[in-house]
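Note: the block below is target.pdb and it holds PDB, C-alpha atoms, pLDDT in the B column.
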ATOM      1  CA  MET U   1      25.461   4.308   6.516  1.00 85.00           C
ATOM      2  CA  VAL U   2      23.632   1.585   8.451  1.00 90.00           C
ATOM      3  CA  LEU U   3      22.029   4.207  10.662  1.00 94.00           C
ATOM      4  CA  VAL U   4      20.670   6.078   7.623  1.00 94.00           C
ATOM      5  CA  LEU U   5      19.386   2.817   6.100  1.00 94.00           C
ATOM      6  CA  ARG U   6      17.727   1.733   9.323  1.00 95.00           C
ATOM      7  CA  PHE U   7      16.167   5.155   9.913  1.00 97.00           C
ATOM      8  CA  SER U   8      14.881   5.260   6.327  1.00 97.00           C
ATOM      9  CA  HIS U   9      13.495   1.747   6.584  1.00 97.00           C
ATOM     10  CA  VAL U  10      11.703   2.301   9.899  1.00 97.00           C
ATOM     11  CA  PHE U  11      10.494   5.845   9.146  1.00 97.00           C
ATOM     12  CA  PHE U  12       9.169   5.170   5.658  1.00 98.00           C
ATOM     13  CA  GLY U  13       7.880   1.740   6.679  1.00 97.00           C
ATOM     14  CA  ALA U  14       5.859   3.314   9.492  1.00 97.00           C
ATOM     15  CA  LEU U  15       4.585   5.942   7.074  1.00 97.00           C
ATOM     16  CA  TRP U  16       3.600   3.271   4.509  1.00 97.00           C
ATOM     17  CA  VAL U  17       1.810   1.065   7.046  1.00 97.00           C
ATOM     18  CA  GLY U  18       0.149   4.066   8.692  1.00 97.00           C
ATOM     19  CA  MET U  19      -1.087   5.531   5.429  1.00 96.00           C
ATOM     20  CA  MET U  20      -2.429   2.158   4.307  1.00 95.00           C
ATOM     21  CA  ALA U  21      -4.108   1.581   7.677  1.00 96.00           C
ATOM     22  CA  PHE U  22      -5.818   4.970   7.499  1.00 95.00           C
ATOM     23  CA  GLN U  23      -6.882   4.335   3.922  1.00 92.00           C
ATOM     24  CA  THR U  24      -8.156   0.798   4.591  1.00 93.00           C
ATOM     25  CA  PHE U  25      -9.859   1.278   7.946  1.00 94.00           C
ATOM     26  CA  PHE U  26     -11.186   4.843   7.626  1.00 93.00           C
ATOM     27  CA  LEU U  27     -10.931   6.476   4.198  1.00 90.00           C
ATOM     28  CA  MET U  28     -12.361   3.730   1.962  1.00 87.00           C
ATOM     29  CA  PRO U  29     -15.390   3.069   4.211  1.00 90.00           C
ATOM     30  CA  ALA U  30     -16.046   6.816   4.464  1.00 88.00           C
ATOM     31  CA  LEU U  31     -15.823   7.194   0.681  1.00 82.00           C
ATOM     32  CA  ALA U  32     -18.255   4.330   0.208  1.00 82.00           C
ATOM     33  CA  GLU U  33     -20.635   5.995   2.640  1.00 86.00           C
ATOM     34  CA  ALA U  34     -20.323   9.381   0.928  1.00 81.00           C
ATOM     35  CA  GLY U  35     -21.375   7.977  -2.442  1.00 73.00           C
ATOM     36  CA  PRO U  36     -21.069  10.309  -5.442  1.00 69.00           C
ATOM     37  CA  ASP U  37     -19.776  13.169  -3.272  1.00 74.00           C
ATOM     38  CA  SER U  38     -16.609  11.188  -2.622  1.00 76.00           C
ATOM     39  CA  GLY U  39     -15.317  12.214  -6.041  1.00 74.00           C
ATOM     40  CA  LYS U  40     -14.429  15.648  -4.679  1.00 79.00           C
ATOM     41  CA  LEU U  41     -12.293  14.143  -1.931  1.00 81.00           C
ATOM     42  CA  MET U  42     -10.588  11.762  -4.338  1.00 79.00           C
ATOM     43  CA  ALA U  43      -9.801  14.689  -6.645  1.00 80.00           C
ATOM     44  CA  ALA U  44      -8.318  16.572  -3.681  1.00 84.00           C
ATOM     45  CA  LEU U  45      -6.129  13.560  -2.860  1.00 83.00           C
ATOM     46  CA  MET U  46      -4.970  13.455  -6.473  1.00 83.00           C
ATOM     47  CA  ARG U  47      -3.957  17.121  -6.271  1.00 88.00           C
ATOM     48  CA  ARG U  48      -1.866  16.205  -3.222  1.00 91.00           C
ATOM     49  CA  ARG U  49      -0.210  13.468  -5.310  1.00 91.00           C
ATOM     50  CA  ILE U  50      -1.072  10.525  -3.044  1.00 88.00           C
ATOM     51  CA  PRO U  51      -0.867   8.039  -5.962  1.00 87.00           C
ATOM     52  CA  VAL U  52       2.701   9.245  -6.587  1.00 92.00           C
ATOM     53  CA  ILE U  53       3.828   9.600  -2.977  1.00 94.00           C
ATOM     54  CA  MET U  54       2.634   6.188  -1.726  1.00 94.00           C
ATOM     55  CA  PRO U  55       4.726   4.124  -4.189  1.00 95.00           C
ATOM     56  CA  ILE U  56       7.797   6.267  -3.476  1.00 97.00           C
ATOM     57  CA  VAL U  57       7.379   5.749   0.283  1.00 97.00           C
ATOM     58  CA  ALA U  58       6.974   2.007  -0.315  1.00 97.00           C
ATOM     59  CA  LEU U  59      10.001   1.827  -2.605  1.00 97.00           C
ATOM     60  CA  ILE U  60      12.237   3.628  -0.110  1.00 98.00           C
ATOM     61  CA  THR U  61      11.072   1.147   2.532  1.00 98.00           C
ATOM     62  CA  LEU U  62      11.695  -1.865   0.295  1.00 98.00           C
ATOM     63  CA  VAL U  63      15.074  -0.778  -1.061  1.00 97.00           C
ATOM     64  CA  SER U  64      16.424   0.172   2.362  1.00 97.00           C
ATOM     65  CA  GLY U  65      15.083  -3.084   3.825  1.00 97.00           C
ATOM     66  CA  PHE U  66      16.642  -5.274   1.142  1.00 96.00           C
ATOM     67  CA  TRP U  67      19.897  -3.375   1.531  1.00 96.00           C
ATOM     68  CA  LEU U  68      19.830  -3.907   5.304  1.00 96.00           C
ATOM     69  CA  PHE U  69      19.082  -7.608   4.790  1.00 96.00           C
ATOM     70  CA  GLN U  70      22.048  -7.897   2.410  1.00 95.00           C
ATOM     71  CA  ARG U  71      24.350  -6.160   4.897  1.00 95.00           C
ATOM     72  CA  LEU U  72      23.093  -8.355   7.756  1.00 94.00           C
ATOM     73  CA  SER U  73      23.650 -11.533   5.758  1.00 94.00           C
ATOM     74  CA  GLY U  74      27.182 -10.532   4.805  1.00 93.00           C
ATOM     75  CA  GLY U  75      26.485 -11.800   1.298  1.00 89.00           C
ATOM     76  CA  ALA U  76      25.303 -15.194   2.559  1.00 93.00           C
ATOM     77  CA  ALA U  77      21.519 -14.754   2.415  1.00 92.00           C
ATOM     78  CA  ALA U  78      20.944 -18.518   2.298  1.00 93.00           C
ATOM     79  CA  GLY U  79      22.797 -18.917   5.588  1.00 94.00           C
ATOM     80  CA  LEU U  80      20.814 -16.125   7.236  1.00 94.00           C
ATOM     81  CA  MET U  81      17.558 -17.682   6.026  1.00 95.00           C
ATOM     82  CA  ARG U  82      18.387 -20.814   8.018  1.00 96.00           C
ATOM     83  CA  THR U  83      17.968 -18.845  11.235  1.00 96.00           C
ATOM     84  CA  ALA U  84      14.716 -17.794  12.889  1.00 96.00           C
ATOM     85  CA  MET U  85      15.747 -14.154  12.628  1.00 97.00           C
ATOM     86  CA  GLY U  86      16.544 -14.506   8.933  1.00 96.00           C
ATOM     87  CA  LEU U  87      13.226 -16.228   8.268  1.00 97.00           C
ATOM     88  CA  ALA U  88      11.352 -13.445  10.041  1.00 97.00           C
ATOM     89  CA  PHE U  89      13.180 -10.700   8.131  1.00 97.00           C
ATOM     90  CA  GLY U  90      12.911 -12.623   4.861  1.00 96.00           C
ATOM     91  CA  SER U  91       9.225 -13.489   5.155  1.00 97.00           C
ATOM     92  CA  GLY U  92       8.433  -9.948   6.283  1.00 97.00           C
ATOM     93  CA  GLY U  93      10.317  -8.570   3.292  1.00 97.00           C
ATOM     94  CA  LEU U  94       8.497 -10.941   0.961  1.00 97.00           C
ATOM     95  CA  ALA U  95       5.122  -9.911   2.427  1.00 98.00           C
ATOM     96  CA  ALA U  96       6.020  -6.228   1.959  1.00 98.00           C
ATOM     97  CA  LEU U  97       7.126  -6.866  -1.627  1.00 98.00           C
ATOM     98  CA  LEU U  98       3.856  -8.690  -2.382  1.00 98.00           C
ATOM     99  CA  ALA U  99       1.907  -5.838  -0.786  1.00 98.00           C
ATOM    100  CA  PHE U 100       3.756  -3.348  -2.978  1.00 98.00           C
ATOM    101  CA  LEU U 101       3.126  -5.344  -6.153  1.00 97.00           C
ATOM    102  CA  LEU U 102      -0.572  -5.754  -5.367  1.00 97.00           C
ATOM    103  CA  GLY U 103      -0.806  -2.054  -4.646  1.00 95.00           C
ATOM    104  CA  ILE U 104       0.859  -1.096  -7.929  1.00 95.00           C
ATOM    105  CA  VAL U 105      -0.742  -3.697 -10.205  1.00 95.00           C
ATOM    106  CA  VAL U 106      -4.290  -3.865  -8.798  1.00 94.00           C
ATOM    107  CA  MET U 107      -5.072  -1.160  -6.254  1.00 91.00           C
ATOM    108  CA  ARG U 108      -3.509   1.919  -7.855  1.00 89.00           C
ATOM    109  CA  PRO U 109      -5.116   1.413 -11.304  1.00 91.00           C
ATOM    110  CA  ALA U 110      -8.520   0.815  -9.687  1.00 88.00           C
ATOM    111  CA  MET U 111      -8.124   3.985  -7.629  1.00 84.00           C
ATOM    112  CA  LEU U 112      -7.042   6.091 -10.612  1.00 85.00           C
ATOM    113  CA  ARG U 113      -9.865   4.740 -12.777  1.00 88.00           C
ATOM    114  CA  SER U 114     -12.431   5.347 -10.025  1.00 83.00           C
ATOM    115  CA  ILE U 115     -11.273   8.959  -9.768  1.00 81.00           C
ATOM    116  CA  ALA U 116     -11.731   9.405 -13.516  1.00 84.00           C
ATOM    117  CA  VAL U 117     -15.167   7.755 -13.436  1.00 84.00           C
ATOM    118  CA  ALA U 118     -16.266   9.866 -10.451  1.00 80.00           C
ATOM    119  CA  ALA U 119     -15.160  13.027 -12.246  1.00 79.00           C
ATOM    120  CA  SER U 120     -17.124  12.069 -15.367  1.00 83.00           C
ATOM    121  CA  LEU U 121     -20.321  11.484 -13.364  1.00 78.00           C
ATOM    122  CA  ALA U 122     -20.976  15.218 -13.132  1.00 77.00           C
ATOM    123  CA  THR U 123     -21.129  15.683 -16.889  1.00 84.00           C
ATOM    124  CA  ALA U 124     -22.704  12.323 -17.772  1.00 83.00           C
ATOM    125  CA  SER U 125     -26.191  11.996 -19.191  1.00 86.00           C
ATOM    126  CA  PRO U 126     -28.806  10.306 -16.980  1.00 84.00           C
ATOM    127  CA  GLU U 127     -28.477   7.074 -19.018  1.00 84.00           C
ATOM    128  CA  GLU U 128     -24.701   7.016 -18.605  1.00 86.00           C
ATOM    129  CA  ARG U 129     -24.867   7.789 -14.886  1.00 85.00           C
ATOM    130  CA  ALA U 130     -26.253   4.386 -13.953  1.00 85.00           C
ATOM    131  CA  THR U 131     -23.498   2.624 -15.910  1.00 89.00           C
ATOM    132  CA  LEU U 132     -20.805   4.877 -14.499  1.00 87.00           C
ATOM    133  CA  ALA U 133     -22.137   4.519 -10.943  1.00 84.00           C
ATOM    134  CA  ALA U 134     -22.055   0.716 -11.284  1.00 87.00           C
ATOM    135  CA  GLU U 135     -18.498   0.828 -12.609  1.00 89.00           C
ATOM    136  CA  LEU U 136     -17.490   3.174  -9.793  1.00 84.00           C
ATOM    137  CA  GLN U 137     -18.976   0.797  -7.232  1.00 85.00           C
ATOM    138  CA  ARG U 138     -17.132  -2.166  -8.792  1.00 90.00           C
ATOM    139  CA  LEU U 139     -13.820  -0.286  -8.846  1.00 88.00           C
ATOM    140  CA  ARG U 140     -14.196   0.837  -5.235  1.00 85.00           C
ATOM    141  CA  ALA U 141     -15.051  -2.691  -4.115  1.00 88.00           C
ATOM    142  CA  ARG U 142     -11.988  -4.000  -5.939  1.00 91.00           C
ATOM    143  CA  GLY U 143      -9.793  -1.319  -4.392  1.00 88.00           C
ATOM    144  CA  ALA U 144     -11.214  -1.926  -0.923  1.00 89.00           C
ATOM    145  CA  MET U 145     -10.698  -5.707  -1.125  1.00 93.00           C
ATOM    146  CA  THR U 146      -7.170  -5.291  -2.430  1.00 95.00           C
ATOM    147  CA  GLY U 147      -6.545  -2.717   0.287  1.00 93.00           C
ATOM    148  CA  TRP U 148      -7.458  -5.284   2.934  1.00 96.00           C
ATOM    149  CA  VAL U 149      -5.090  -7.852   1.423  1.00 97.00           C
ATOM    150  CA  VAL U 150      -2.294  -5.274   1.211  1.00 97.00           C
ATOM    151  CA  MET U 151      -2.986  -4.211   4.799  1.00 97.00           C
ATOM    152  CA  ILE U 152      -2.826  -7.806   6.072  1.00 97.00           C
ATOM    153  CA  LEU U 153       0.471  -8.338   4.255  1.00 98.00           C
ATOM    154  CA  LEU U 154       1.883  -5.103   5.666  1.00 98.00           C
ATOM    155  CA  LEU U 155       0.763  -5.939   9.199  1.00 97.00           C
ATOM    156  CA  TYR U 156       2.439  -9.341   8.869  1.00 98.00           C
ATOM    157  CA  ALA U 157       5.622  -7.628   7.613  1.00 98.00           C
ATOM    158  CA  LEU U 158       5.472  -5.144  10.488  1.00 97.00           C
ATOM    159  CA  GLY U 159       5.036  -7.903  13.048  1.00 97.00           C
ATOM    160  CA  ALA U 160       7.772 -10.097  11.576  1.00 97.00           C
ATOM    161  CA  MET U 161      10.241  -7.207  11.398  1.00 95.00           C
ATOM    162  CA  SER U 162       9.488  -6.001  14.904  1.00 96.00           C
ATOM    163  CA  VAL U 163      10.258  -9.352  16.570  1.00 97.00           C
ATOM    164  CA  ALA U 164      12.917 -10.756  14.218  1.00 96.00           C
ATOM    165  CA  ARG U 165      15.919  -9.727  16.325  1.00 94.00           C
ATOM    166  CA  TYR U 166      14.467 -11.458  19.370  1.00 95.00           C
ATOM    167  CA  LEU U 167      13.933 -14.866  17.777  1.00 91.00           C
TER     168      LEU U 167
END

Could I get this structure in the form of structure tokens?
Amino acid sequence: MVLVLRFSHVFFGALWVGMMAFQTFFLMPALAEAGPDSGKLMAALMRRRIPVIMPIVALITLVSGFWLFQRLSGGAAAGLMRTAMGLAFGSGGLAALLAFLLGIVVMRPAMLRSIAVAASLATASPEERATLAAELQRLRARGAMTGWVVMILLLYALGAMSVARYL
């Protein structure tokens, strides 16, 4: 059971961090550069269910990680948190949980709304286009900034988890 939990945690954690890194460092800047044409790419990502897959990957990572932490602590989480290893695992888990919550509460809605706004640009009147383009820009900026915060939290979690056993 521990092997399955650990594999799930590491595999899905790597997938989560990797997908967020790609999105933050490459995809969002490229979409900003593409301008209105980026709506087609965002629609293609929606068809591939990225907004559904990412939270599932994150949840598998979080649940398996919290389960591993509980098993490691033997039911005495407070005692484990008094060790350097426990603090590293605990703070990494907290950073990952915060990253998940920010992604769900702020980033995902901004991304979904920007996709809807981008899709409506094609059929909008010239007067509406300026308003919609401004809203799209605001939503993308919000998503990009939140993406950076989420990425920093995930990189901290990754670093803390990778060295925790050696502290």

Requested in this report: Might you spell out which residues the PyMOL selection byres ((chain U and resi 85-91) around 12) would select in the displayed file, as number ranges by chain?
Outcome: U: 62, 65-70, 72-73, 76-84, 92-98, 153-154, 156-167

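You will find atom CA of U:Gly147 at 7.5 Å from atom CA of U:Met20.
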
Report task. Would you translate the PyMOL selection byres ((chain U and resi 149) around 12) into the concrete set of residues it matches in this file, as a PyMOL selection string? Result -> chain U and resi 20-21+24+95-96+98-103+106-107+142-148+150-156

Requested in this report: Write out as a ChimeraX atom specification the residues lying within 12 Å of U:Met42, counting only C-alpha atoms and excluding same-chain residues fewer than 4 positions away.
Outcome: /U:23,27-28,30-32,34-38,46-51,111-119,140

Query raised in the report: Restricting the calculation to only C-alpha atoms, which member of U:Arg108, U:Ile56, U:Ser125, U:Phe7 is positioned closest to U:Leu139?
Result: U:Arg108

**Report entry** Atomic separation - atom CA of U:Val63 relative to atom CA of U:Ala110, Å
**Finding:**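 The value is 25.2 Å.
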
Report task. Could you tell me how far atom CA of U:Leu41 lies from atom CA of U:Met19, in Å and to one decimal? Result ->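 Value for the atom CA of U:Leu41-atom CA of U:Met19 distance: 15.9 Å.
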
Model the absent atoms of stretch 67-80 of chain U so that N, CA and C atoms are present, and write the result as a PDB file, in the frame of the given file.
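As written to disk, result.pdb reads:
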ATOM      1  N   TRP U  67      18.501  -3.740   1.325  1.00 96.00           N
ATOM      2  CA  TRP U  67      19.897  -3.375   1.531  1.00 96.00           C
ATOM      3  C   TRP U  67      20.346  -3.763   2.948  1.00 96.00           C
ATOM      4  N   LEU U  68      19.514  -3.505   3.932  1.00 96.00           N
ATOM      5  CA  LEU U  68      19.830  -3.907   5.304  1.00 96.00           C
ATOM      6  C   LEU U  68      19.947  -5.424   5.419  1.00 96.00           C
ATOM      7  N   PHE U  69      19.043  -6.137   4.756  1.00 96.00           N
ATOM      8  CA  PHE U  69      19.082  -7.608   4.790  1.00 96.00           C
ATOM      9  C   PHE U  69      20.398  -8.107   4.176  1.00 96.00           C
ATOM     10  N   GLN U  70      20.801  -7.505   3.065  1.00 95.00           N
ATOM     11  CA  GLN U  70      22.048  -7.897   2.410  1.00 95.00           C
ATOM     12  C   GLN U  70      23.246  -7.633   3.319  1.00 95.00           C
ATOM     13  N   ARG U  71      23.250  -6.483   3.980  1.00 95.00           N
ATOM     14  CA  ARG U  71      24.350  -6.160   4.897  1.00 95.00           C
ATOM     15  C   ARG U  71      24.370  -7.129   6.077  1.00 95.00           C
ATOM     16  N   LEU U  72      23.177  -7.440   6.617  1.00 94.00           N
ATOM     17  CA  LEU U  72      23.093  -8.355   7.756  1.00 94.00           C
ATOM     18  C   LEU U  72      23.590  -9.745   7.389  1.00 94.00           C
ATOM     19  N   SER U  73      23.271 -10.181   6.178  1.00 94.00           N
ATOM     20  CA  SER U  73      23.650 -11.533   5.758  1.00 94.00           C
ATOM     21  C   SER U  73      25.127 -11.635   5.402  1.00 94.00           C
ATOM     22  N   GLY U  74      25.772 -10.509   5.186  1.00 93.00           N
ATOM     23  CA  GLY U  74      27.182 -10.532   4.805  1.00 93.00           C
ATOM     24  C   GLY U  74      27.397 -11.208   3.457  1.00 93.00           C
ATOM     25  N   GLY U  75      26.389 -11.171   2.617  1.00 89.00           N
ATOM     26  CA  GLY U  75      26.485 -11.800   1.298  1.00 89.00           C
ATOM     27  C   GLY U  75      26.070 -13.255   1.299  1.00 89.00           C
ATOM     28  N   ALA U  76      25.724 -13.791   2.453  1.00 93.00           N
ATOM     29  CA  ALA U  76      25.303 -15.194   2.559  1.00 93.00           C
ATOM     30  C   ALA U  76      23.836 -15.250   2.988  1.00 93.00           C
ATOM     31  N   ALA U  77      22.949 -14.812   2.089  1.00 92.00           N
ATOM     32  CA  ALA U  77      21.519 -14.754   2.415  1.00 92.00           C
ATOM     33  C   ALA U  77      20.960 -16.136   2.737  1.00 92.00           C
ATOM     34  N   ALA U  78      21.437 -17.157   2.046  1.00 93.00           N
ATOM     35  CA  ALA U  78      20.944 -18.518   2.298  1.00 93.00           C
ATOM     36  C   ALA U  78      21.260 -18.949   3.731  1.00 93.00           C
ATOM     37  N   GLY U  79      22.434 -18.587   4.212  1.00 94.00           N
ATOM     38  CA  GLY U  79      22.797 -18.917   5.588  1.00 94.00           C
ATOM     39  C   GLY U  79      21.930 -18.179   6.592  1.00 94.00           C
ATOM     40  N   LEU U  80      21.667 -16.904   6.340  1.00 94.00           N
ATOM     41  CA  LEU U  80      20.814 -16.125   7.236  1.00 94.00           C
ATOM     42  C   LEU U  80      19.393 -16.679   7.252  1.00 94.00           C
TER      43      LEU U  80
END
